[in-house]
$ cat final_28.txt   # compact mmCIF, C-alpha atoms
# COMPACT_ATOMS: atom_id res chain seq x y z
CA MET V 6 0.00 0.00 0.00
CA ASP V 7 1.27 3.46 -0.93
CA PRO V 8 2.44 5.32 2.23
CA ILE V 9 0.69 8.42 0.86
CA CYS V 10 -2.75 7.17 -0.08
CA VAL V 11 -6.32 8.35 -0.01
CA TRP V 12 -8.86 6.10 1.68
CA LEU V 13 -12.12 5.58 -0.20
CA GLY V 14 -15.01 4.73 2.13
CA ILE V 15 -17.78 2.63 0.56
CA ASP V 16 -21.16 2.04 2.20
CA VAL V 17 -22.57 -1.09 0.55
CA SER V 18 -26.19 -2.13 0.15
CA LYS V 19 -27.90 -4.75 -2.00
CA ALA V 20 -28.44 -2.57 -5.07
CA THR V 21 -26.27 0.52 -4.60
CA MET V 22 -23.07 1.79 -3.02
CA ASP V 23 -22.29 5.23 -1.60
CA ALA V 24 -18.65 6.30 -1.69
CA ALA V 25 -16.66 9.16 -0.19
CA LEU V 26 -13.02 10.21 -0.12
CA PRO V 27 -11.18 13.28 1.20
CA LYS V 28 -11.13 16.23 -1.18
CA GLY V 29 -9.72 19.56 0.01
CA VAL V 30 -11.26 20.37 3.40
CA GLY V 31 -14.26 18.12 2.81
CA PHE V 32 -15.23 14.92 1.04
CA ALA V 33 -16.11 14.11 -2.56
CA ARG V 34 -19.10 11.75 -2.77
CA THR V 35 -20.83 9.61 -5.34
CA LYS V 36 -23.51 6.92 -5.55
CA LEU V 37 -23.46 4.08 -8.07
CA PRO V 38 -25.19 0.75 -8.72
CA ARG V 39 -23.57 -2.17 -6.91
CA ASP V 40 -22.52 -4.23 -9.92
CA GLN V 41 -19.34 -4.92 -11.89
CA ALA V 42 -19.86 -1.93 -14.17
CA GLY V 43 -20.51 0.26 -11.14
CA ALA V 44 -17.29 -1.01 -9.51
CA ARG V 45 -15.26 -0.02 -12.56
CA LYS V 46 -16.90 3.41 -12.69
CA LEU V 47 -16.24 3.87 -8.97
CA LEU V 48 -12.52 3.17 -9.42
CA GLY V 49 -12.29 5.59 -12.33
CA TRP V 50 -14.04 8.31 -10.32
CA ALA V 51 -11.91 7.65 -7.22
CA HIS V 52 -8.60 7.80 -9.10
CA GLU V 53 -9.69 11.02 -10.74
CA GLN V 54 -10.49 12.53 -7.35
CA ALA V 55 -7.33 11.18 -5.67
CA GLY V 56 -5.01 12.56 -8.35
CA GLU V 57 -1.38 11.51 -7.85
CA ALA V 58 -2.03 9.91 -4.45
CA GLY V 59 -2.42 6.17 -4.10
CA LEU V 60 -5.85 4.71 -3.45
CA ALA V 61 -7.11 2.29 -0.79
CA CYS V 62 -10.70 1.21 -0.16
CA VAL V 63 -12.56 0.19 2.97
CA MET V 64 -16.09 -1.07 3.44
CA GLU V 65 -18.05 -2.63 6.27
CA ALA V 66 -18.77 -6.36 6.25
CA THR V 67 -22.36 -6.75 5.02
CA GLY V 68 -22.90 -10.42 4.31
CA GLY V 69 -21.97 -11.38 0.77
CA TYR V 70 -22.53 -7.91 -0.69
CA SER V 71 -19.26 -6.36 0.50
CA LYS V 72 -17.19 -9.43 -0.36
CA GLN V 73 -18.65 -9.56 -3.87
CA LEU V 74 -17.89 -5.87 -4.39
CA ALA V 75 -14.35 -6.36 -3.10
CA CYS V 76 -13.82 -9.13 -5.68
CA TRP V 77 -15.15 -6.90 -8.46
CA LEU V 78 -12.79 -4.11 -7.44
CA LEU V 79 -9.81 -6.49 -7.38
CA GLN V 80 -10.77 -7.84 -10.80
CA ALA V 81 -10.69 -4.27 -12.11
CA GLN V 82 -7.39 -3.45 -10.33
CA ALA V 83 -5.44 -6.41 -8.98
CA ASP V 84 -3.01 -4.35 -6.86
CA LEU V 85 -5.75 -2.33 -5.14
CA HIS V 86 -5.76 -2.38 -1.32
CA VAL V 87 -9.34 -3.34 -0.39
CA ALA V 88 -10.25 -3.78 3.28
CA ILE V 89 -13.43 -5.16 4.83
CA ALA V 90 -13.88 -3.84 8.39
CA GLN V 91 -15.83 -5.57 11.13
CA PRO V 92 -19.15 -3.80 11.91
CA PHE V 93 -18.49 -3.55 15.67
CA GLN V 94 -15.21 -1.70 15.00
CA VAL V 95 -16.87 0.79 12.69
CA ASN V 96 -19.77 1.19 15.10
CA HIS V 97 -17.47 2.03 18.02
CA TYR V 98 -15.49 4.45 15.84
CA THR V 99 -18.72 6.18 14.75
CA LYS V 100 -19.71 6.65 18.39
CA ALA V 101 -16.26 7.97 19.23
CA LEU V 102 -16.68 10.61 16.51
CA GLY V 103 -19.96 11.68 18.09
CA GLN V 104 -21.78 10.97 14.82
CA ARG V 105 -25.50 10.97 15.59
CA ASN V 106 -27.10 11.08 12.15
CA LYS V 107 -27.01 7.95 10.03
CA THR V 108 -27.33 8.00 6.25
CA ASP V 109 -25.56 6.00 3.57
CA ALA V 110 -23.59 9.09 2.49
CA LEU V 111 -22.48 9.88 6.05
CA ASP V 112 -21.56 6.23 6.66
CA ALA V 113 -19.26 6.38 3.62
CA VAL V 114 -17.52 9.44 5.08
CA VAL V 115 -17.08 7.67 8.44
CA LEU V 116 -15.59 4.65 6.66
CA ALA V 117 -13.13 6.87 4.77
CA ARG V 118 -12.02 8.42 8.07
CA PHE V 119 -11.86 4.98 9.69
CA GLY V 120 -9.56 3.73 6.93
CA ALA V 121 -7.21 6.69 7.27
CA ALA V 122 -7.10 6.33 11.06
CA PHE V 123 -6.60 2.56 11.36
CA GLN V 124 -5.15 1.41 8.02
CA PRO V 125 -7.11 -1.89 8.06
CA ARG V 126 -5.43 -4.91 6.48
CA ALA V 127 -6.25 -5.93 2.93
CA PHE V 128 -8.90 -8.48 2.07
CA HIS V 129 -7.65 -11.52 0.16
CA PRO V 130 -10.28 -13.69 -1.56
CA MET V 131 -10.11 -17.39 -0.84
CA PRO V 132 -9.24 -19.71 -3.76
CA ALA V 133 -12.22 -20.86 -5.80
CA ALA V 134 -12.17 -24.39 -4.36
CA TYR V 135 -12.49 -23.06 -0.80
CA GLU V 136 -15.32 -20.74 -1.84
CA ARG V 137 -17.17 -23.68 -3.40
CA LEU V 138 -16.60 -25.72 -0.25
CA LYS V 139 -17.97 -22.88 1.85
CA ALA V 140 -21.10 -22.67 -0.31
CA LEU V 141 -21.69 -26.42 0.00
CA GLU V 142 -21.10 -26.67 3.74
CA ARG V 143 -23.26 -23.60 4.45
CA GLU V 144 -26.13 -25.05 2.42
CA ARG V 145 -25.70 -28.31 4.29
CA ASP V 146 -25.70 -26.53 7.66
CA ALA V 147 -28.94 -24.71 6.79
CA LEU V 148 -30.62 -27.95 5.71
CA VAL V 149 -29.46 -29.82 8.81
CA ARG V 150 -30.98 -27.16 11.04
CA THR V 151 -34.20 -27.27 9.00
CA ALA V 152 -34.33 -31.07 9.22
CA THR V 153 -33.70 -30.95 12.98
CA ALA V 154 -36.61 -28.55 13.42
CA MET V 155 -38.83 -30.87 11.34
CA GLU V 156 -37.77 -33.89 13.38
CA ASN V 157 -38.66 -32.06 16.58
CA ARG V 158 -42.09 -31.25 15.15
CA GLN V 159 -42.55 -34.89 14.16
CA GLU V 160 -42.66 -35.80 17.84
CA ILE V 161 -45.99 -33.96 18.05
CA GLU V 162 -48.52 -35.59 15.73
CA SER V 163 -50.50 -33.15 13.63
CA ALA V 164 -54.27 -32.97 14.02
CA ASP V 165 -54.59 -33.04 10.21
CA ARG V 166 -53.44 -35.99 8.09
CA THR V 167 -52.51 -33.83 5.09
CA ALA V 168 -50.31 -31.62 7.25
CA GLN V 169 -48.68 -34.75 8.69
CA ARG V 170 -48.01 -36.21 5.21
CA VAL V 171 -46.48 -32.93 4.00
CA ARG V 172 -44.27 -32.77 7.08
CA VAL V 173 -43.00 -36.33 6.51
CA ARG V 174 -42.42 -35.67 2.81
CA MET V 175 -40.48 -32.44 3.48
CA LEU V 176 -38.30 -34.17 6.07
CA ARG V 177 -37.56 -36.97 3.61
CA HIS V 178 -36.58 -34.42 0.92
CA ALA V 179 -34.35 -32.54 3.39
CA ARG V 180 -32.50 -35.72 4.37
CA LYS V 181 -32.00 -36.64 0.72
CA ALA V 182 -30.68 -33.16 -0.04
CA ILE V 183 -28.21 -33.42 2.88
CA GLU V 184 -26.92 -36.72 1.47
CA GLU V 185 -26.52 -35.07 -1.95
CA LEU V 186 -24.53 -32.22 -0.43
CA ASP V 187 -22.34 -34.63 1.56
CA GLU V 188 -21.48 -36.40 -1.67
CA ALA V 189 -20.78 -33.10 -3.46
CA ILE V 190 -18.45 -32.03 -0.64
CA LEU V 191 -16.49 -35.28 -0.89
CA VAL V 192 -16.26 -35.04 -4.69
CA LEU V 193 -14.94 -31.47 -4.45
CA ILE V 194 -12.38 -32.31 -1.76
CA ARG V 195 -11.13 -35.40 -3.62
CA SER V 196 -10.74 -33.35 -6.81
CA GLU V 197 -8.14 -31.10 -5.14
CA GLU V 198 -5.04 -32.84 -3.80
CA ALA V 199 -4.29 -30.08 -1.26
CA LEU V 200 -7.87 -30.09 0.05
CA ALA V 201 -7.93 -33.88 0.32
CA LYS V 202 -4.64 -33.92 2.24
CA ASP V 203 -5.77 -31.27 4.75
CA TYR V 204 -9.22 -32.86 5.10
CA ARG V 205 -7.69 -36.23 6.02
CA ARG V 206 -5.07 -34.69 8.33
CA LEU V 207 -7.58 -32.63 10.30
CA GLN V 208 -9.56 -35.79 11.05
CA THR V 209 -6.58 -37.33 12.85
CA ILE V 210 -7.41 -34.93 15.71
CA PRO V 211 -9.78 -36.37 18.35
CA GLY V 212 -13.20 -34.75 18.04
CA VAL V 213 -12.68 -33.59 14.46
CA GLY V 214 -14.90 -35.49 12.05
CA PRO V 215 -15.85 -34.91 8.41
CA VAL V 216 -18.32 -32.09 9.16
CA LEU V 217 -15.99 -30.09 11.43
CA ALA V 218 -13.06 -30.58 9.03
CA ALA V 219 -15.11 -29.33 6.08
CA THR V 220 -16.45 -26.41 8.13
CA LEU V 221 -12.96 -25.30 9.21
CA MET V 222 -11.69 -25.45 5.63
CA GLY V 223 -14.76 -23.85 4.05
CA GLU V 224 -15.27 -21.05 6.55
CA LEU V 225 -11.63 -20.24 7.34
CA GLY V 226 -9.82 -21.27 4.19
CA ASP V 227 -6.23 -22.40 4.56
CA LEU V 228 -5.51 -22.24 8.30
CA ARG V 229 -1.82 -21.70 7.51
CA ALA V 230 -2.74 -18.17 6.37
CA PHE V 231 -3.20 -17.17 10.02
CA GLU V 232 0.22 -16.04 11.19
CA HIS V 233 -0.37 -16.81 14.88
CA PRO V 234 -2.77 -19.06 16.84
CA LYS V 235 -4.14 -16.05 18.73
CA GLN V 236 -5.03 -14.37 15.45
CA LEU V 237 -7.08 -17.43 14.51
CA SER V 238 -8.75 -17.62 17.95
CA HIS V 239 -9.79 -13.97 17.79
CA PHE V 240 -11.03 -14.34 14.21
CA VAL V 241 -13.33 -17.23 15.18
CA GLY V 242 -14.40 -15.58 18.44
CA VAL V 243 -13.17 -18.20 20.92
CA ALA V 244 -10.45 -16.07 22.51
CA PRO V 245 -10.97 -15.22 26.22
CA VAL V 246 -11.85 -11.60 26.99
CA LEU V 247 -10.76 -10.05 30.30
CA HIS V 248 -12.81 -7.15 31.67
CA THR V 249 -11.28 -5.67 34.82
CA SER V 250 -10.65 -2.06 35.78
CA GLY V 251 -9.55 -0.75 39.18
CA THR V 252 -11.56 -2.10 42.09
CA SER V 253 -15.04 -1.49 40.68
CA VAL V 254 -15.03 -3.64 37.54
CA GLY V 255 -14.03 -7.27 37.87
CA ALA V 256 -16.06 -9.50 35.56
CA ARG V 257 -14.92 -13.07 34.93
CA PRO V 258 -13.12 -13.72 31.62
CA HIS V 259 -15.51 -14.92 28.93
CA MET V 260 -15.43 -16.06 25.31
CA SER V 261 -15.52 -13.08 22.96
CA LYS V 262 -18.03 -14.66 20.49
CA ARG V 263 -17.07 -12.01 17.92
CA GLY V 264 -16.39 -14.01 14.83
CA ASN V 265 -17.69 -16.95 12.85
CA GLY V 266 -20.65 -18.48 14.67
CA ARG V 267 -20.78 -21.51 12.36
CA VAL V 268 -17.25 -22.49 13.27
CA ARG V 269 -17.92 -21.97 16.99
CA ARG V 270 -21.02 -24.15 16.83
CA MET V 271 -19.11 -26.98 15.13
CA LEU V 272 -16.15 -26.58 17.51
CA TYR V 273 -18.55 -26.97 20.43
CA MET V 274 -19.76 -30.30 19.04
CA GLY V 275 -16.18 -31.34 18.35
CA ALA V 276 -15.11 -30.45 21.88
CA LEU V 277 -17.93 -32.56 23.33
CA ALA V 278 -16.77 -35.51 21.22
CA ALA V 279 -13.10 -34.97 22.18
CA ILE V 280 -13.76 -35.23 25.93
CA ARG V 281 -15.87 -38.39 25.72
CA THR V 282 -12.87 -40.69 25.28
CA ASP V 283 -9.44 -40.92 26.89
CA THR V 284 -7.60 -38.15 25.01
CA PRO V 285 -5.32 -35.25 26.02
CA PHE V 286 -8.36 -33.02 25.48
CA LYS V 287 -10.34 -34.94 28.07
CA ARG V 288 -7.47 -34.80 30.53
CA THR V 289 -7.13 -31.04 30.02
CA TYR V 290 -10.88 -30.65 30.53
CA GLN V 291 -10.81 -32.67 33.75
CA HIS V 292 -7.78 -30.74 35.02
CA LEU V 293 -9.51 -27.40 34.45
CA CYS V 294 -12.68 -28.60 36.18
CA HIS V 295 -10.61 -29.91 39.09
CA GLU V 296 -9.07 -26.44 39.44
CA GLY V 297 -12.55 -25.01 39.91
CA LYS V 298 -13.37 -23.85 36.41
CA ALA V 299 -17.00 -24.07 35.38
CA PRO V 300 -17.69 -26.95 32.93
CA MET V 301 -18.69 -24.54 30.14
CA SER V 302 -15.54 -22.48 30.73
CA ALA V 303 -13.41 -25.61 30.51
CA LEU V 304 -15.25 -26.69 27.36
CA GLY V 305 -14.54 -23.29 25.81
CA ALA V 306 -10.84 -23.89 26.45
CA ILE V 307 -11.10 -27.24 24.65
CA MET V 308 -12.75 -25.50 21.68
CA ARG V 309 -9.77 -23.14 21.49
CA LYS V 310 -7.33 -26.02 21.83
CA LEU V 311 -9.03 -27.92 19.00
CA LEU V 312 -8.77 -24.87 16.76
CA ILE V 313 -5.11 -24.24 17.62
CA VAL V 314 -4.21 -27.90 17.12
CA ALA V 315 -6.04 -27.91 13.77
CA ARG V 316 -3.85 -25.08 12.57
CA GLY V 317 -0.79 -26.75 14.09
CA VAL V 318 -1.10 -30.05 12.22
CA LEU V 319 -1.37 -28.18 8.92
CA VAL V 320 1.47 -25.75 9.66
CA HIS V 321 3.79 -28.58 10.74
CA ASP V 322 2.54 -30.84 7.92
CA GLU V 323 2.07 -33.86 10.16
CA ASP V 324 -0.79 -35.89 11.61
CA TYR V 325 -1.99 -35.25 15.14
CA ASN V 326 0.46 -36.53 17.74
CA PRO V 327 -0.88 -36.72 21.33
CA ASN V 328 2.68 -36.69 22.66
CA ARG V 329 3.63 -33.43 20.98
CA VAL V 330 4.04 -30.50 23.39
CA SER V 331 1.28 -28.05 22.56
CA THR V 332 0.47 -24.51 23.55
CA PRO V 333 -1.43 -24.40 26.90
CA VAL V 334 -4.95 -23.08 26.71
CA GLU V 335 -6.41 -20.37 28.87
CA PRO V 336 -9.92 -21.06 30.21
CA ASP V 337 -12.68 -18.46 30.10

$ encode --input "final_28.txt" --output "structure tokens"
Amino acid sequence: MDPICVWLGIDVSKATMDAALPKGVGFARTKLPRDQAGARKLLGWAHEQAGEAGLACVMEATGGYSKQLACWLLQAQADLHVAIAQPFQVNHYTKALGQRNKTDALDAVVLARFGAAFQPRAFHPMPAAYERLKALERERDALVRTATAMENRQEIESADRTAQRVRVRMLRHARKAIEELDEAILVLIRSEEALAKDYRRLQTIPGVGPVLAATLMGELGDLRAFEHPKQLSHFVGVAPVLHTSGTSVGARPHMSKRGNGRVRRMLYMGALAAIRTDTPFKRTYQHLCHEGKAPMSALGAIMRKLLIVARGVLVHDEDYNPNRVSTPVEPD
């Protein structure tokens, strides 16, 4: 990124995008359709406004809309620095500025100021195979939750036979669709040697089965891309948060839960599986409980340990070894 650059703030919505960047003592603004043509026009306008200065872009994470726009911008200019900021960070910054009014145009200005103040890191799209895996595992997760809700309703017989038949038929279709997605996930993973190798290696870890392995790879991409275990823990939202100040504030540490909820949900199930048999994870769990930690706090530590070990086996390019000295985990 150019040391002397102008930050373009982009407020993204489904159909449009509002943009702002510093110009003189104020901000230049524009509004364009959120599509590939609009992305190209936005870059042309921004470079014209920025002049000789370099250009960097920042937008707030808004589901798939911001990520899609970021990819369009990178397709138009491969060396462009595009950042996607977390909503809670932008929200706190907006409050710190004392900004009371909220419009798309004002949000774009706040984002431009946020970029200049914090220089957020660049967004790097995941390889196509990982994106496809994410799409498949997310569709599977949605169907599993739907099927679970249907199964729970099946326990209460409907007063109408037609309603009961429809319920049974829908549950059958959902289960068939889940099987189809499971097969598609396996076909995709087997078609990529690197994916297949990581998928098999992750499952050498106690508690990590096919679903958790696919979720980690689909949602987080290549775990080796995280430079440090703590960076990964914070990204997923399983890092412990300490909230103490003086003698008046002394809350117990707790899991941050700012991050990928799908990964946390699967890690929870994996942690439960890991402590059911005689594994180092179970012994760590029992040790933490013996020290007086609440069971849920100890389980949160196992979730973190699973995640850190998952990254570790890929970084070190070796299967899980229970005798390997690993990083101690800190309970909530």

$ atom_distance --input "final_28.txt" --atom1 "atom CA of Lys100 of chain V" --atom2 "atom CA of Phe240 of chain V"
23.1 Å

$ closest_residue --input "final_28.txt" --among "V:Thr108, V:Gln73, V:Asn157, V:Thr99" --to "His129 of chain V" --atoms "only C-alpha atoms"
V:Gln73

$ atom_distance --input "final_28.txt" --atom1 "atom CA of Tyr204 of chain V" --atom2 "atom CA of Ala140 of chain V"
16.6 Å

$ closest_residue --input "final_28.txt" --among "V:Gln291, V:Gln169, V:Asn326, V:Gln91" --to "Arg263 of chain V" --atoms "only C-alpha atoms"
V:Gln91

$ residues_around --input "final_28.txt" --residues "Ile89 of chain V" --least-positions-apart "5" --cutoff "7 Å" --atoms "all atoms listed in the file" --output "PyMOL selection string"
chain V and resi 63-66+128

$ residues_around --input "final_28.txt" --residues "Cys10 of chain V" --least-positions-apart "4" --cutoff "7 Å" --atoms "all atoms listed in the file" --output "list in words"
Ala58, Gly59, Leu60 and Ala61 of chain V

$ residues_around --input "final_28.txt" --residues "Cys294 of chain V" --least-positions-apart "5" --cutoff "7 Å" --atoms "all atoms listed in the file" --output "PyMOL selection string"
chain V and resi 299-300+303

$ write_last_selection --input "final_28.txt" --atoms "C-alpha atoms" --output "PDB file, keeping the file's coordinate frame"
ATOM      1  CA  ALA V 299     -17.000 -24.070  35.380  1.00  0.00           C
ATOM      2  CA  PRO V 300     -17.690 -26.950  32.930  1.00  0.00           C
ATOM      3  CA  ALA V 303     -13.410 -25.610  30.510  1.00  0.00           C
TER       4      ALA V 303
END

$ atom_distance --input "final_28.txt" --atom1 "atom CA of Leu217 of chain V" --atom2 "atom CA of Val268 of chain V"
7.9 Å

$ residues_around --input "final_28.txt" --residues "Leu237 of chain V" --least-positions-apart "6" --cutoff "10 Å" --atoms "all atoms listed in the file" --output "ChimeraX atom specification"
/V:225,228-231,243-244,264,309,312-313,316

$ residues_around --input "final_28.txt" --residues "segment 29-42 of chain V" --least-positions-apart "2" --cutoff "8 Å" --atoms "all atoms listed in the file" --output "PDB file with C-alpha atoms, in the coordinates of the input"
ATOM      1  CA  VAL V  17     -22.570  -1.090   0.550  1.00  0.00           C
ATOM      2  CA  SER V  18     -26.190  -2.130   0.150  1.00  0.00           C
ATOM      3  CA  LYS V  19     -27.900  -4.750  -2.000  1.00  0.00           C
ATOM      4  CA  ALA V  20     -28.440  -2.570  -5.070  1.00  0.00           C
ATOM      5  CA  THR V  21     -26.270   0.520  -4.600  1.00  0.00           C
ATOM      6  CA  MET V  22     -23.070   1.790  -3.020  1.00  0.00           C
ATOM      7  CA  ASP V  23     -22.290   5.230  -1.600  1.00  0.00           C
ATOM      8  CA  ALA V  24     -18.650   6.300  -1.690  1.00  0.00           C
ATOM      9  CA  ALA V  25     -16.660   9.160  -0.190  1.00  0.00           C
ATOM     10  CA  LEU V  26     -13.020  10.210  -0.120  1.00  0.00           C
ATOM     11  CA  PRO V  27     -11.180  13.280   1.200  1.00  0.00           C
ATOM     12  CA  ALA V  44     -17.290  -1.010  -9.510  1.00  0.00           C
ATOM     13  CA  ARG V  45     -15.260  -0.020 -12.560  1.00  0.00           C
ATOM     14  CA  LYS V  46     -16.900   3.410 -12.690  1.00  0.00           C
ATOM     15  CA  LEU V  47     -16.240   3.870  -8.970  1.00  0.00           C
ATOM     16  CA  GLN V  54     -10.490  12.530  -7.350  1.00  0.00           C
ATOM     17  CA  LEU V  74     -17.890  -5.870  -4.390  1.00  0.00           C
ATOM     18  CA  TRP V  77     -15.150  -6.900  -8.460  1.00  0.00           C
ATOM     19  CA  LEU V  78     -12.790  -4.110  -7.440  1.00  0.00           C
ATOM     20  CA  ALA V 110     -23.590   9.090   2.490  1.00  0.00           C
ATOM     21  CA  VAL V 114     -17.520   9.440   5.080  1.00  0.00           C
TER      22      VAL V 114
END

$ closest_residue --input "final_28.txt" --among "V:Ala117, V:Met301, V:Ala55, V:Thr284" --to "Asn328 of chain V" --atoms "all atoms listed in the file"
V:Thr284

$ closest_residue --input "final_28.txt" --among "V:His321, V:His52, V:Lys287, V:His97" --to "Arg206 of chain V" --atoms "all atoms listed in the file"
V:His321

$ closest_atom_pairs --input "final_28.txt" --of "segment 140-203 of chain V" --to "segment 130-136 of chain V" --cutoff "12 Å" --atoms "all atoms listed in the file" --output "CSV"
residue,atom,partner,partner_atom,distance
V:Ala140,CA,V:Glu136,CA,6.3
V:Leu141,CA,V:Glu136,CA,8.7
V:Glu142,CA,V:Glu136,CA,10.0
V:Arg143,CA,V:Glu136,CA,10.5
V:Ile190,CA,V:Ala134,CA,10.6
V:Val192,CA,V:Ala134,CA,11.4
V:Leu193,CA,V:Ala134,CA,7.6
V:Ile194,CA,V:Ala134,CA,8.3
V:Arg195,CA,V:Ala134,CA,11.1
V:Ser196,CA,V:Ala134,CA,9.4
V:Glu197,CA,V:Ala134,CA,7.9
V:Glu198,CA,V:Ala134,CA,11.1
V:Ala199,CA,V:Ala134,CA,10.2
V:Leu200,CA,V:Ala134,CA,8.4
V:Ala201,CA,V:Ala134,CA,11.4
V:Asp203,CA,V:Tyr135,CA,12.0

$ closest_residue --input "final_28.txt" --among "V:Asp16, V:Glu144, V:His239, V:Lys72" --to "Val95 of chain V" --atoms "all atoms listed in the file"
V:Asp16

$ closest_residue --input "final_28.txt" --among "V:Ala127, V:Leu138, V:Ala121, V:Leu304" --to "Gly226 of chain V" --atoms "all atoms listed in the file"
V:Leu138

$ build_atoms --input "final_28.txt" --residues "segment 180-191 of chain V" --atoms "N, CA and C atoms" --output "PDB file, in the frame of the given file"
ATOM      1  N   ARG V 180     -33.529 -34.715   4.115  1.00  0.00           N
ATOM      2  CA  ARG V 180     -32.500 -35.720   4.370  1.00  0.00           C
ATOM      3  C   ARG V 180     -31.807 -36.140   3.076  1.00  0.00           C
ATOM      4  N   LYS V 181     -32.585 -36.267   2.006  1.00  0.00           N
ATOM      5  CA  LYS V 181     -32.000 -36.640   0.720  1.00  0.00           C
ATOM      6  C   LYS V 181     -31.077 -35.536   0.208  1.00  0.00           C
ATOM      7  N   ALA V 182     -31.498 -34.288   0.399  1.00  0.00           N
ATOM      8  CA  ALA V 182     -30.680 -33.160  -0.040  1.00  0.00           C
ATOM      9  C   ALA V 182     -29.369 -33.095   0.749  1.00  0.00           C
ATOM     10  N   ILE V 183     -29.424 -33.412   2.044  1.00  0.00           N
ATOM     11  CA  ILE V 183     -28.210 -33.420   2.880  1.00  0.00           C
ATOM     12  C   ILE V 183     -27.247 -34.488   2.363  1.00  0.00           C
ATOM     13  N   GLU V 184     -27.768 -35.663   2.027  1.00  0.00           N
ATOM     14  CA  GLU V 184     -26.920 -36.720   1.470  1.00  0.00           C
ATOM     15  C   GLU V 184     -26.278 -36.275   0.159  1.00  0.00           C
ATOM     16  N   GLU V 185     -27.045 -35.570  -0.675  1.00  0.00           N
ATOM     17  CA  GLU V 185     -26.520 -35.070  -1.950  1.00  0.00           C
ATOM     18  C   GLU V 185     -25.393 -34.065  -1.721  1.00  0.00           C
ATOM     19  N   LEU V 186     -25.573 -33.206  -0.738  1.00  0.00           N
ATOM     20  CA  LEU V 186     -24.530 -32.220  -0.430  1.00  0.00           C
ATOM     21  C   LEU V 186     -23.292 -32.880   0.169  1.00  0.00           C
ATOM     22  N   ASP V 187     -23.482 -33.889   1.007  1.00  0.00           N
ATOM     23  CA  ASP V 187     -22.340 -34.630   1.560  1.00  0.00           C
ATOM     24  C   ASP V 187     -21.505 -35.241   0.439  1.00  0.00           C
ATOM     25  N   GLU V 188     -22.190 -35.800  -0.544  1.00  0.00           N
ATOM     26  CA  GLU V 188     -21.480 -36.400  -1.670  1.00  0.00           C
ATOM     27  C   GLU V 188     -20.750 -35.335  -2.490  1.00  0.00           C
ATOM     28  N   ALA V 189     -21.405 -34.188  -2.701  1.00  0.00           N
ATOM     29  CA  ALA V 189     -20.780 -33.100  -3.460  1.00  0.00           C
ATOM     30  C   ALA V 189     -19.543 -32.563  -2.749  1.00  0.00           C
ATOM     31  N   ILE V 190     -19.603 -32.485  -1.414  1.00  0.00           N
ATOM     32  CA  ILE V 190     -18.450 -32.030  -0.640  1.00  0.00           C
ATOM     33  C   ILE V 190     -17.277 -32.990  -0.800  1.00  0.00           C
ATOM     34  N   LEU V 191     -17.553 -34.287  -0.735  1.00  0.00           N
ATOM     35  CA  LEU V 191     -16.490 -35.280  -0.890  1.00  0.00           C
ATOM     36  C   LEU V 191     -15.890 -35.248  -2.292  1.00  0.00           C
TER      37      LEU V 191
END
